[in-house]
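First the structure, in the form of structure tokens, and then the observations on it.
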Amino acid sequence: MSEPKNNGFEPNIIAFLCRWCSYAGADLAGVSRMTYPSNIIPMRVNCSGRVDAEMIIRAFEKGADGVLIGGCHPGDCHYVNGNYKTRRRVLLLKRALEQVGIDPKRLHLEWISASEGTKFQRTVTSLTERIKQLGPSPVKNDPANRCYRPK
Amino acid sequence: MKGIAYFPGCSLKETAKDFEISAIAVMDALGIPLIELKRWNCCGTVFSLTSDDLMHHIASVRNLIRAQEMESPEVVVLCSMCFNTLKRVSLRVNRDEESLTKINAFMNKELDYAGEVEVKHLLEILRDRIGWEQVSEKVIHPLDGVSIAAYYGCTLVRPHEVGIDDTETPTVLQEMIESLGATAVSFPFQTECCGSYQIVDRRDLVINRSYRILSSAQRAGAQVLITACPLCQYNLDEAQTELAERLPDYTSIPVLYFTQAIALALGVEAGTIPDLLAESLVGQEIPKKEETTR
Amino acid sequence: MKQLARSDTLREKVEELSGQNVFACYQCGMCSAGCPLSEEMDLLPHQVVRGLQLEDWTVMESNTMWICASCLTCEARCPHGVDLACVMEAMRQLYLRKSLDHIAIDKLTTEEIARLPQIALVASFRKKTG
Amino acid sequence: MPQPRIGIFVCHCGLNIKRTVDTQAITEALGEYPGVAFATDYDYMCSDPGQRLIKEAITEQRLTGIVIAACSPAMHEPTFRRAAEEAGMNPYLCEMANIREQCSWVHQDREAATKKALRIVNTIIEKVRGNHPLEPVEIDHVNKCLVIGAGIAGIQAALDVAESGFAVILVEKEPTIGGHMAQLSETFPTLDCSQCILTPKMVEVSRHPNITLLTYSEVVNVSGYVGNYTVTIRKNPTYVDPDKCNLCGDCENVCPESTESEFERGLVQRKAIYIPFRQAIPSSYTLDEETCLGLRPLRCNECAKVCDPKAIDYDMLPEIIEEEVAAIIVATGYELHPISSLGEYGAGLIPDVIDGLQFERLLSASGPTGGEVRRPSDGKIPKKVVFVQCAGSRDPEHHNAYCSKICCMYTSKHALLYRHVVPDGEAVIFYIDIRAGGKGYEEFVQHAIEEERILYLRGKVSKIYREGDHVIVWGVDTLSNRLVEIEADLVVLAISIDPHPSNPILSKVLKISCDAEGFFKEAHPKLRPVESLTAGIFLAGAGEGPKDIPEAVSQGSGAAAKAVTLLVQEKLSHSPEVVDINENICSGCGICVNMCPYAALAVNGGGVAEVNEVLCEGCGTCVSACPTGAAQLKNMTTKQLNNMIEVALRDV
Ligand SMILES: Cc1cc2nc3c(=O)[nH]c(=O)nc-3n(C[C@H](O)[C@H](O)[C@H](O)COP(=O)(O)OP(=O)(O)OC[C@H]3O[C@@H](n4cnc5c(N)ncnc54)[C@H](O)[C@@H]3O)c2cc1C
Ligand SMILES: Cc1cc2nc3c(=O)[nH]c(=O)nc-3n(C[C@H](O)[C@H](O)[C@H](O)COP(=O)(O)OP(=O)(O)OC[C@H]3O[C@@H](n4cnc5c(N)ncnc54)[C@H](O)[C@@H]3O)c2cc1C
Ligand code: SF4
Ligand code: SF4
Ligand code: SF4
Ligand code: SF4
Ligand code: SF4
Ligand code: SF4
Ligand code: SF4
Ligand code: SF4
């Protein structure tokens with residue numbers, strides 16, 4: 001398959017979505033037939049609390065132009081308080097990213113509940129727009145990071 | 001800056017002088033004098049309701065620039081129609097960078113407007129900054145026993161984002177009236193429109209509306225009616241002149257600016273007040289109507 | 001009243017000028033029920049919106065938009081957030097931008113002009129002349 | 001390890017997927033993916049032939065894992081895992097790739113959607129490559145069920161569960177059970193007297209050996225998991241011993257303090273010691289601490305002085321009760337939208353503008369007027385009554401966007417009953433649409449219009465105000481395009497239904513979600529309407545959305561059936577996708593222990609972390625925190641995730 005027709009930059013964004021809220025919110029956006037850019041690859045995780053720094057850095061290393069973490073609203077975590085831990089972690093990580101030359105704006109944490117299909121749509125649309133403006137990730141073209149190929 | 005930047009608007013300099021006179025006197029007495037904007041211009045009177053009509057907002061923006069030049073974060077307005085226009089324009093351009101840039105580009109002779117001036121109605125200053133208790137303390141001629149109806153009209157309370165109080169059941173004027181020692185009369189038509197500028201070519205329609213407003217206030221026991229808008233004041237008074245001719249039973253009631261009522265209570269310059277009323281308000285001998293007890 | 005050139009995109013034009021979606025209206029009639037001047041209108045406000053939904057140009061011939069005083073009672077109460085005052089303004093603009101004035105200023109006497117509050121005059125001219 | 005042989009099944013979902021995703025192209029591309037032994041596509045994978053196709057492929061192709069590229073796993077994961085199991089494959093080797101909800105339905109550019117679909121499937125293939133066969137964790141469970149809220153929905157649920165032989169704890173916040181139904185006069189569409197059909201059920205609840213009734217009580221905490229929830233209930237003191245109280249009412253007569261009666265919706269006053277209504281269950285008085293002159297220190301003591309059986313005890317304290325339950329049914333019901341928010345309708349300041357429940361009380365034979373319709377201001381019988389529908393409903397701009405569903409019906413009922421009591425009275429109803437979609441409902445409304453000659457005017461009322469003796473209503477009839485101004489004697493507002501105010505609190509305590517409107521969110525609006533997304537927590541009645549009695553009762557029974565389905569099982573099973581500790585690497589640092597929200601971890605005598613699989617919910621929080629990588633989620637290891645991330649970013 002060829003690249004999309006427009007010559008513009010089409011970013012790759014990894015979305016770690018908590019299965020109880022944001023993933024369900026994304027499903028709702030689908031059920032409601034909302035539309036949003038297709039630059040996002042969803043990954044279902046059990047809880048936003050599972051998303052650790054390693055995974056995020058890994059994603060950037062392997063060429064992601066942006067990372068979205070979708071969790072339940074504070075206080076609504078299916079697993080009591082996993083999302084609070086995520087919030088702290090993301091704040092720290094943003095600083096770390098800056099140090100390695102990745103614009104922290106490429107990492108976005110959003111609380112999206114299962115009933116917020118519209119919010120999911122809005123978030124993805126504006127994040128994609130934002131990443132487009134930031135341009136390709138500086139890490140992307142480093143051949144040392146090229147992807148592994150499954151055997 | 002001691003005092004507060006103030007935009008008078010056209011009517012206050014011509015047909016509604018009493019509004020300005022009394023407001024200036026009241027604010028002097030309350031220790032926050034009104035400082036008139038230099039080189040202000042007509043705000044345009046009505047907020048342009050079409051989406052593509054940015055240029056119509058320029059007149060208002062110029063006035064906001066005048067406030068900005070005075071390094072004032074806000075500008076206070078008396079005429080509720082001007083207030084409405086200026087406030088809506090400020091909300092539109094202060095929030096929207098694109099409109100702001102366009103407008104600034106268009107006014108090449110002006111300093112750029114930074115989008116930061118807040119528009120306030122005088123009632124908001126009285127309520128939120130001075131407080132009714134403070135006003136009360138300054139009263140030397142309590143308006144005891146006088147029933148005053150609070151007439152809001154449209155532009156003080158609508159639209160919601162501009163209104164200085166609840167759209168349907170505002171209370172700010174009643175609070176003001178009570179602070180002067182008078183009895184506040186709420187009535188069902190207090191936020192009903194008087195017909196506004198239709199007075200220019202649909203006089204009949206305005207007389208009709210005004211009659212409903214006035215009679216509703218009177219049935220509720222009002223002896224005096226206060227307003228915050230030169231146009232409401234004019235329309236209601238015009239209507240009364242005509243009603244008095246047409247309906248022999250019709251008894252007129254004085255229609256004052258709210259600042260005139262405060263001025264009377266504070267014992268400062270209040271502009272023209274019907275003689276009998278002035279005497280009775282201040283001398284507290286106003287004859288009571290029977291309806292007041294209803 | 002002079003005639004306005006017709007084309008079949010009345011709804012589109014009004015929506016563009018007013019920034020309102022006329023299909024948001026579900027014809028509840030609350031606007032008409034509360035409009036202080038609806039007694040004088042030959043089409044009630046909700047009928048005007050219905051007319052726009054139907055692309056019915058006759059709404060442009062009704063006096064409704066000229067009677068409307070932009071009092072915003074309808075705007076404040078409409079359950080679906082339709083700002084009818086904007087719709088009326090857009091309809092007026094369709095006329096006025098064709099330089100078709102709705103009132104004749106020269107008919108006002110000097111005496112009237114002197115007595116009327118300035119805000120009334122300016123507002124009236126802005127609403128009813130191009 | 002033997003070479004993986006993965007099977008890929010791409011679903012068209014009719015046109016739902018095929019329209020935007022080139023299913024044929026991706027099937028071909030996926031066939032080339034390393035480790036994939038078989039790839040095919042089909043119209044409807046979840047259909048019988050679709051499932052058969054999968055099963056046959058599993059056996060014939062000797063597959064070691066399968067990926068169904070179709071809808072969301074929330075939709076059909078159980079379906080396909082069951083199919084895999086039937087074909088002899090461990091169900092945890094079957095995974096779904098969501099190319100419908102999160103791909104074909106949300107994108108329009110076919111090429112871009114196809115590429116994205118391919119990437120999504122690739123990630124899931126990587127997951128399956130790392131999956132291991134797992135066996136469900138079996139857990140024991142207790143045999144009790146908790147029902148929160150004792151309106152008609154909660155009562156029905158409690159009775160059904162109790163009848164199936166299981167113990168029920170029924171918790172009600174108010175001093176009596178019955179909910180709003182107890183306030184109604186007669187009920188549409190058949191006009192049965194509400195009390196007459198409700199009271200027998202209330203009595204049954206109070207007598208049922210399997211039901212423990214806790215009124216004046218609230219659930220304050222819930223912990224645990226399906227089958228073994230631990231709930232903490234606070235029983236507030238009523239200061240009256242229900243076993244001793246004989247309803248003589250002497251206390252009430254002497255009590256000097258009063259307040260607005262909640263049950264009569266403020267139409268009359270009640271005393272500080274009171275019974276909401278005669279048939280209340282439990283049949284006992286309640287002393288309302290807030291209204292009482294003062295208990296600590298005791299200020300009055302009048303009621304205790306006259307209470308013969310010595311039922312009153314000022315020293316009663318709140319009781320904290322702990323219970324173990326297997327399932328929870330939430331039936332909290334509704335409240336009316338506050339009348340004070342309706343400024344254009346008088347904001348509740350006009351005495352003769354009342355809400356529907358107040359009118360029910362006026363119509364009720366047991367109400368404050370003994371069933372005579374007398375208006376609050378002066379007790380006169382109103383000769384002209386205006387009913388206003390959709391007050392606060394269908395108004396996304398200021399109030400509730402939704403339709404409250406029951407008010408069209410009860411307004412019609414109100415007008416009809418009013419005409420029965422005041423035959424020379426005139427009833428006018430303002431409506432926007434008449435929604436009468438139940439069995440016998442349309443006939444009911446039409447009967448009211450035809451036989452009772454009730455005038456329906458189509459238009460929303462804009463303003464209501466008081467003028468002398470009358471209430472003036474400004475409306476419009478959009479059918480004749482006429483403005484209407486009515487001088488009414490009484491106005492009844494069909495006020496919108498709000499979710500019960502305790503919903504947000506309970507949603508936190510139970511960790512179940514509410515929708516944007518504040519009603520409890522069901523697991524699936526069509527297929528799982530009485531379940532929450534949390535296993536073992538079920539929903540019934542108007543707390544889940546506006547409902548009339550027949551629907552509330554159906555849901556009560558439905559939720560009870562769901563709870564019983566769970567209670568009858570010998571053992572419950574728990575997902576095996578839990579955490580696993582690699583003892584060889586674990587340093588015993590204990591960081592994970594503190595992170596776990598379920599206390600599923602502990603460092604054992606051997607100095608390594610140990611997991612209690614029954615308690616572990618598989619959130620993975622400990623995995624993120626573990627510094628050595630010893631803690632890993634089964635079938636979602638760091639390694640799997642890393643591979644998934646990599647292929648997600650690979651060009652396709
Ligand atoms: C004016 C009017 C007229 C009506 N007429 C009819 C009619 O004629 N026919 C008809 O079919 N329907 C009618 N209805 C609808 C009917 O009232 C409802 O369908 C029914 O009451 C819903 O029952 P429920 O059990 O879901 O909720 P509710 O009756 O509201 O009961 C909920 C119960 O849960 C309790 N509760 C809430 N939160 C908690 C908590 N945190 N802890 C413990 N307990 C809690 C409440 O106190 C209450 O007792 C009418 C409604 C109105 C407003
Ligand atoms: C055009 C249309 C569109 C719709 N769209 C929607 C929608 O978008 N959303 C929605 O929620 N609902 C929709 N519905 C409603 C939906 O179809 C019904 O709610 C649903 O099908 C009812 O399911 P059921 O099981 O009660 O009845 P049915 O689907 O009718 O099933 C009854 C079954 O019983 C069998 N049967 C009958 N008699 C006997 C007998 N004597 N012995 C053995 N078997 C028998 C029948 O053959 C049939 O298979 C729609 C309906 C229509 C007509
Ligand atoms: S009532 Fe009339 S004049 Fe007064 S503010 Fe409203 S439109 Fe203006
Ligand atoms: S109030 Fe709003 S929704 Fe109702 S008829 Fe008027 S414009 Fe339409
Ligand atoms: S804005 Fe115009 S249409 Fe709307 S209520 Fe006022 S006069 Fe009527
Ligand atoms: S499996 Fe899912 S995607 Fe496929 S037909 Fe069934 S519902 Fe549609
Ligand atoms: S006096 Fe005692 S027994 Fe009688 S109703 Fe009151 S509490 Fe019950
Ligand atoms: S049920 Fe009828 S009255 Fe109630 S909100 Fe819906 S349409 Fe309005
Ligand atoms: S995954 Fe870890 S933190 Fe989460 S419940 Fe299981 S043991 Fe506890
Ligand atoms: S955090 Fe990791 S290393 Fe530390 S005890 Fe837990 S499993 Fe072992």
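Each chain in the structure tokens gets a letter, A, B, ..., in the order shown, and its residues are numbered from 1; ligands are numbered from 1 in order too.
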
- request: Check every protein, DNA and RNA residue against ligand 5, keep those with an atom at most 9 Å away (counting only C-alpha atoms and all ligand atoms), and present them as an NGL selection string.
  value: (:B and (154 or 193 or 195)) or (:C and (31-38 or 44-46 or 64-76 or 83-88))

Proximity of chain A to chain D: per-residue shortest pair, 6 Å limit, only C-alpha atoms, as a Markdown table:
| residue | atom | partner | partner_atom | distance |
| --- | --- | --- | --- | --- |
| A:Asp27 | CA | D:Glu101 | CA | 5.0 |
| A:Gly30 | CA | D:Glu101 | CA | 4.2 |
| A:Arg33 | CA | D:Trp105 | CA | 5.6 |
| A:Met34 | CA | D:Val106 | CA | 5.6 |
| A:Thr35 | CA | D:Val106 | CA | 4.3 |
| A:Asn46 | CA | D:Cys619 | CA | 5.3 |
| A:Cys47 | CA | D:Cys619 | CA | 5.4 |
| A:Gly49 | CA | D:Thr621 | CA | 5.0 |
| A:Arg50 | CA | D:Gly620 | CA | 4.7 |
| A:Asp52 | CA | D:Ser624 | CA | 5.2 |
| A:Ser115 | CA | D:Asp515 | CA | 5.6 |
| A:Cys147 | CA | D:Glu646 | CA | 5.9 |
| A:Lys151 | CA | D:Pro34 | CA | 5.4 |

Would you write out those residues with N, CA, C and O atoms, as a compact mmCIF listing (two decimals), in the first residue's frame?
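Output file again.txt follows:
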# COMPACT_ATOMS: atom_id res chain seq x y z
N ASP A 27 -14.56 3.01 21.81
CA ASP A 27 -15.60 2.16 21.21
C ASP A 27 -16.88 2.95 21.00
O ASP A 27 -17.54 2.86 19.97
N GLY A 30 -16.85 5.05 18.10
CA GLY A 30 -17.11 4.24 16.92
C GLY A 30 -18.58 3.92 16.75
O GLY A 30 -19.16 4.12 15.69
N ARG A 33 -20.40 6.55 15.39
CA ARG A 33 -19.92 6.91 14.05
C ARG A 33 -19.32 8.31 13.98
O ARG A 33 -19.54 9.07 13.07
N MET A 34 -18.56 8.64 15.01
CA MET A 34 -17.82 9.90 14.95
C MET A 34 -16.62 9.66 14.06
O MET A 34 -16.21 8.52 13.86
N THR A 35 -16.00 10.71 13.56
CA THR A 35 -14.81 10.47 12.76
C THR A 35 -13.63 11.24 13.36
O THR A 35 -13.81 12.29 13.96
N ASN A 46 -4.94 -2.88 30.67
CA ASN A 46 -5.95 -3.08 31.70
C ASN A 46 -6.20 -1.83 32.51
O ASN A 46 -7.28 -1.60 33.01
N CYS A 47 -5.17 -1.01 32.65
CA CYS A 47 -5.30 0.16 33.49
C CYS A 47 -4.24 1.14 33.04
O CYS A 47 -3.15 0.71 32.63
N GLY A 49 -2.55 2.65 34.85
CA GLY A 49 -1.48 2.42 35.81
C GLY A 49 -0.44 1.43 35.31
O GLY A 49 0.67 1.36 35.81
N ARG A 50 -0.81 0.66 34.29
CA ARG A 50 0.15 -0.30 33.74
C ARG A 50 1.16 0.41 32.83
O ARG A 50 2.23 -0.12 32.56
N ASP A 52 4.05 2.29 31.86
CA ASP A 52 5.21 2.81 32.58
C ASP A 52 6.14 3.55 31.63
O ASP A 52 5.96 3.55 30.42
N SER A 115 -18.22 6.98 28.78
CA SER A 115 -19.35 7.65 28.14
C SER A 115 -18.90 8.87 27.35
O SER A 115 -19.71 9.62 26.85
N CYS A 147 12.87 -0.76 13.52
CA CYS A 147 12.09 -1.79 14.20
C CYS A 147 12.60 -3.21 14.00
O CYS A 147 13.22 -3.52 12.99
N LYS A 151 10.18 -12.91 13.20
CA LYS A 151 10.65 -13.99 12.33
C LYS A 151 9.58 -15.06 12.18
O LYS A 151 8.82 -15.32 13.08

- request: Using backbone DSSP assignments, extract all alpha helix (DSSP H) residues from region 47-115 of chain C; output them as a PyMOL selection string.
  value: chain C and resi 47-53+64-67+73-77+84-96+110-115

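Taking only C-alpha atoms and all ligand atoms into account, the protein and nucleic acid residues that come at most 7 Å from ligand 4 are C:Ala24, C:Cys25, C:Tyr26, C:Gln27, C:Cys28, C:Gly29, C:Met30, C:Cys31, C:Ser32, C:Pro45, C:His46, C:Val49, C:Cys74, C:Arg77, C:Cys78, C:Pro79, C:His80, C:Gly81, C:Val82, C:Leu84.
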
query: ligand 3: which residues are within 8 Å, counting only C-alpha atoms and all ligand atoms, as number ranges by chain?
result: B: 80-81, 152-156, 191-197, 228-233, 235; C: 69-71, 120

task: Please identify all polymer residues within 10 Å of region 34-37 of chain B, counting only C-alpha atoms, omitting same-chain residues fewer than 5 positions from it, and present them as a VMD selection string.
output: chain B and resid 1 to 8 20 23 to 28 63 to 70 75 to 77 122

Site check for ligand 1: residues at most 7 Å away, only C-alpha atoms and all ligand atoms, as a PyMOL selection string: chain D and resi 148-154+171-174+177-181+184+186-189+217-219+331-336+356-357+360+406-407+410+413+500+502-503+506+540-543+547-550+552

message: 10 Å from ligand 2 is the threshold here; counting only C-alpha atoms and all ligand atoms, which polymer residues fall inside it? Answer as a ChimeraX atom specification.
response: /D:525-527

message: Which residues are close to region 99-108 of chain A, i.e. within 12 Å by only C-alpha atoms, leaving aside same-chain residues fewer than 3 positions away? Reply as JSON, numbers by chain.
response: {"A": [11, 12, 13, 14, 15, 16, 17, 53, 56, 57, 59, 60, 61, 63, 64, 65, 66, 67, 68, 69, 70, 71, 86, 87, 89, 90, 91, 92, 93, 94, 95, 96, 111, 123, 124, 126, 127, 128, 129, 130, 131, 132, 133, 134, 135, 136, 137, 138, 139, 140]}

- prompt: Got a sec to tell me which of region 157-237 of chain D DSSP assigns to strand (DSSP E or B), as JSON, numbers by chain?
  reply: {"D": [167, 168, 169, 170, 171, 186, 187, 192, 193, 211, 212, 213, 214, 217, 218, 219, 220, 221, 222, 223, 224, 225, 228, 229, 230, 231, 232, 233, 234, 235]}

With N, CA and C atoms retained, write the just-selected residues as a short mmCIF file (atom, residue, chain, number, x, y, z; two decimals), in the first residue's frame.
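Output (again14.cif):
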data_model
loop_
_atom_site.label_atom_id
_atom_site.label_comp_id
_atom_site.auth_asym_id
_atom_site.auth_seq_id
_atom_site.Cartn_x
_atom_site.Cartn_y
_atom_site.Cartn_z
N ALA D 167 -30.23 -15.33 50.63
CA ALA D 167 -30.42 -14.25 51.60
C ALA D 167 -30.22 -12.89 50.95
N VAL D 168 -31.03 -11.93 51.34
CA VAL D 168 -30.96 -10.58 50.76
C VAL D 168 -30.86 -9.57 51.89
N ILE D 169 -29.98 -8.59 51.69
CA ILE D 169 -29.97 -7.44 52.60
C ILE D 169 -30.49 -6.28 51.79
N LEU D 170 -31.58 -5.69 52.25
CA LEU D 170 -32.18 -4.59 51.51
C LEU D 170 -31.93 -3.30 52.29
N VAL D 171 -31.22 -2.38 51.65
CA VAL D 171 -30.84 -1.14 52.33
C VAL D 171 -31.61 0.03 51.75
N GLU D 186 -53.21 7.07 41.65
CA GLU D 186 -53.55 5.91 40.83
C GLU D 186 -52.56 5.87 39.68
N THR D 187 -52.32 4.69 39.14
CA THR D 187 -51.23 4.57 38.18
C THR D 187 -51.71 4.22 36.78
N ASP D 192 -54.80 1.51 38.60
CA ASP D 192 -54.87 0.82 39.91
C ASP D 192 -54.41 1.82 40.95
N CYS D 193 -54.95 1.66 42.12
CA CYS D 193 -54.51 2.50 43.22
C CYS D 193 -53.10 2.05 43.61
N ILE D 211 -35.12 -12.02 53.86
CA ILE D 211 -34.77 -10.61 53.66
C ILE D 211 -34.46 -9.93 54.99
N THR D 212 -33.29 -9.31 55.05
CA THR D 212 -32.96 -8.46 56.19
C THR D 212 -33.16 -7.03 55.72
N LEU D 213 -34.07 -6.31 56.35
CA LEU D 213 -34.37 -4.95 55.91
C LEU D 213 -33.63 -3.95 56.79
N LEU D 214 -32.88 -3.08 56.16
CA LEU D 214 -32.19 -2.03 56.90
C LEU D 214 -32.65 -0.68 56.36
N SER D 217 -30.74 3.70 56.36
CA SER D 217 -29.36 3.19 56.33
C SER D 217 -28.70 3.53 55.01
N GLU D 218 -27.40 3.58 55.05
CA GLU D 218 -26.66 3.87 53.82
C GLU D 218 -25.44 2.96 53.71
N VAL D 219 -25.11 2.64 52.45
CA VAL D 219 -23.91 1.86 52.20
C VAL D 219 -22.75 2.83 52.16
N VAL D 220 -21.79 2.67 53.05
CA VAL D 220 -20.70 3.65 53.08
C VAL D 220 -19.41 3.14 52.48
N ASN D 221 -19.27 1.84 52.40
CA ASN D 221 -18.04 1.34 51.80
C ASN D 221 -18.25 -0.05 51.21
N VAL D 222 -17.56 -0.31 50.12
CA VAL D 222 -17.61 -1.62 49.50
C VAL D 222 -16.20 -1.99 49.09
N SER D 223 -15.79 -3.21 49.46
CA SER D 223 -14.49 -3.66 48.97
C SER D 223 -14.66 -5.10 48.52
N GLY D 224 -13.61 -5.67 47.97
CA GLY D 224 -13.70 -7.06 47.52
C GLY D 224 -14.06 -7.13 46.05
N TYR D 225 -14.61 -8.26 45.66
CA TYR D 225 -14.81 -8.54 44.25
C TYR D 225 -16.01 -9.45 44.12
N ASN D 228 -17.51 -12.06 46.58
CA ASN D 228 -17.04 -11.80 47.93
C ASN D 228 -16.86 -10.31 48.21
N TYR D 229 -17.94 -9.58 48.06
CA TYR D 229 -17.86 -8.17 48.40
C TYR D 229 -18.05 -8.00 49.91
N THR D 230 -17.29 -7.09 50.47
CA THR D 230 -17.52 -6.74 51.87
C THR D 230 -18.15 -5.36 51.88
N VAL D 231 -19.35 -5.25 52.44
CA VAL D 231 -20.00 -3.95 52.44
C VAL D 231 -20.16 -3.45 53.87
N THR D 232 -19.97 -2.14 53.99
CA THR D 232 -20.15 -1.51 55.29
C THR D 232 -21.39 -0.63 55.20
N ILE D 233 -22.31 -0.85 56.11
CA ILE D 233 -23.58 -0.13 56.08
C ILE D 233 -23.71 0.66 57.38
N ARG D 234 -24.09 1.92 57.24
CA ARG D 234 -24.35 2.67 58.46
C ARG D 234 -25.85 2.79 58.66
N LYS D 235 -26.31 2.28 59.80
CA LYS D 235 -27.74 2.39 60.11
C LYS D 235 -27.90 3.60 61.03
#

Using 7 Å as the limit and counting only C-alpha atoms and all ligand atoms, can you tabulate each residue of chain D that touches ligand 7, with its shortest atom-to-atom distance in Å and the two atoms involved, as JSON lines?
{"residue": "D:Val240", "atom": "CA", "partner": "ligand 7", "partner_atom_place_in_ligand_line": "7 (S)", "distance": 5.7}
{"residue": "D:Lys244", "atom": "CA", "partner": "ligand 7", "partner_atom_place_in_ligand_line": "3 (S)", "distance": 6.5}
{"residue": "D:Cys245", "atom": "CA", "partner": "ligand 7", "partner_atom_place_in_ligand_line": "8 (Fe)", "distance": 3.7}
{"residue": "D:Asn246", "atom": "CA", "partner": "ligand 7", "partner_atom_place_in_ligand_line": "3 (S)", "distance": 4.4}
{"residue": "D:Leu247", "atom": "CA", "partner": "ligand 7", "partner_atom_place_in_ligand_line": "5 (S)", "distance": 3.8}
{"residue": "D:Cys248", "atom": "CA", "partner": "ligand 7", "partner_atom_place_in_ligand_line": "4 (Fe)", "distance": 4.0}
{"residue": "D:Gly249", "atom": "CA", "partner": "ligand 7", "partner_atom_place_in_ligand_line": "5 (S)", "distance": 3.8}
{"residue": "D:Asp250", "atom": "CA", "partner": "ligand 7", "partner_atom_place_in_ligand_line": "1 (S)", "distance": 4.4}
{"residue": "D:Cys251", "atom": "CA", "partner": "ligand 7", "partner_atom_place_in_ligand_line": "1 (S)", "distance": 4.0}
{"residue": "D:Glu252", "atom": "CA", "partner": "ligand 7", "partner_atom_place_in_ligand_line": "6 (Fe)", "distance": 6.3}
{"residue": "D:Ser284", "atom": "CA", "partner": "ligand 7", "partner_atom_place_in_ligand_line": "8 (Fe)", "distance": 6.2}
{"residue": "D:Tyr285", "atom": "CA", "partner": "ligand 7", "partner_atom_place_in_ligand_line": "7 (S)", "distance": 5.5}
{"residue": "D:Cys303", "atom": "CA", "partner": "ligand 7", "partner_atom_place_in_ligand_line": "1 (S)", "distance": 6.4}
{"residue": "D:Val306", "atom": "CA", "partner": "ligand 7", "partner_atom_place_in_ligand_line": "1 (S)", "distance": 6.0}
{"residue": "D:Cys307", "atom": "CA", "partner": "ligand 7", "partner_atom_place_in_ligand_line": "1 (S)", "distance": 3.8}
{"residue": "D:Asp308", "atom": "CA", "partner": "ligand 7", "partner_atom_place_in_ligand_line": "2 (Fe)", "distance": 6.2}
{"residue": "D:Pro309", "atom": "CA", "partner": "ligand 7", "partner_atom_place_in_ligand_line": "3 (S)", "distance": 5.8}
{"residue": "D:Lys310", "atom": "CA", "partner": "ligand 7", "partner_atom_place_in_ligand_line": "2 (Fe)", "distance": 6.3}
{"residue": "D:Ala311", "atom": "CA", "partner": "ligand 7", "partner_atom_place_in_ligand_line": "2 (Fe)", "distance": 5.1}
{"residue": "D:Ile312", "atom": "CA", "partner": "ligand 7", "partner_atom_place_in_ligand_line": "7 (S)", "distance": 5.5}

message: Which residues are near Gly117 (chain A)? Cut-off 9 Å, only C-alpha atoms, ignore same chain within fewer than 3 positions. Put them as a list in words.
response: Ser22, Ala24, Gly25, Ala26, Asp27, Leu28, Ala29, Gly30, Val31, Ser32, Met34, Ile112, Ser113, Ala114, Phe120, Gln121 and Arg122 of chain A

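With the cut-off set to 6 Å and only C-alpha atoms and all ligand atoms counted, the residues surrounding ligand 8 are D:Gln389, D:Cys390, D:Ser393, D:Cys403, D:Ser404, D:Lys405, D:Ile406, D:Cys407, D:Cys408, D:Asp433, D:Ile434, D:Arg435.
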
task: Return as a ChimeraX atom specification every polymer residue, whether protein, DNA or RNA, with at least one atom no more than 12 Å from an atom of ligand 10; count only C-alpha atoms and all ligand atoms.
output: /D:579-596,600-604,606-611,620-633
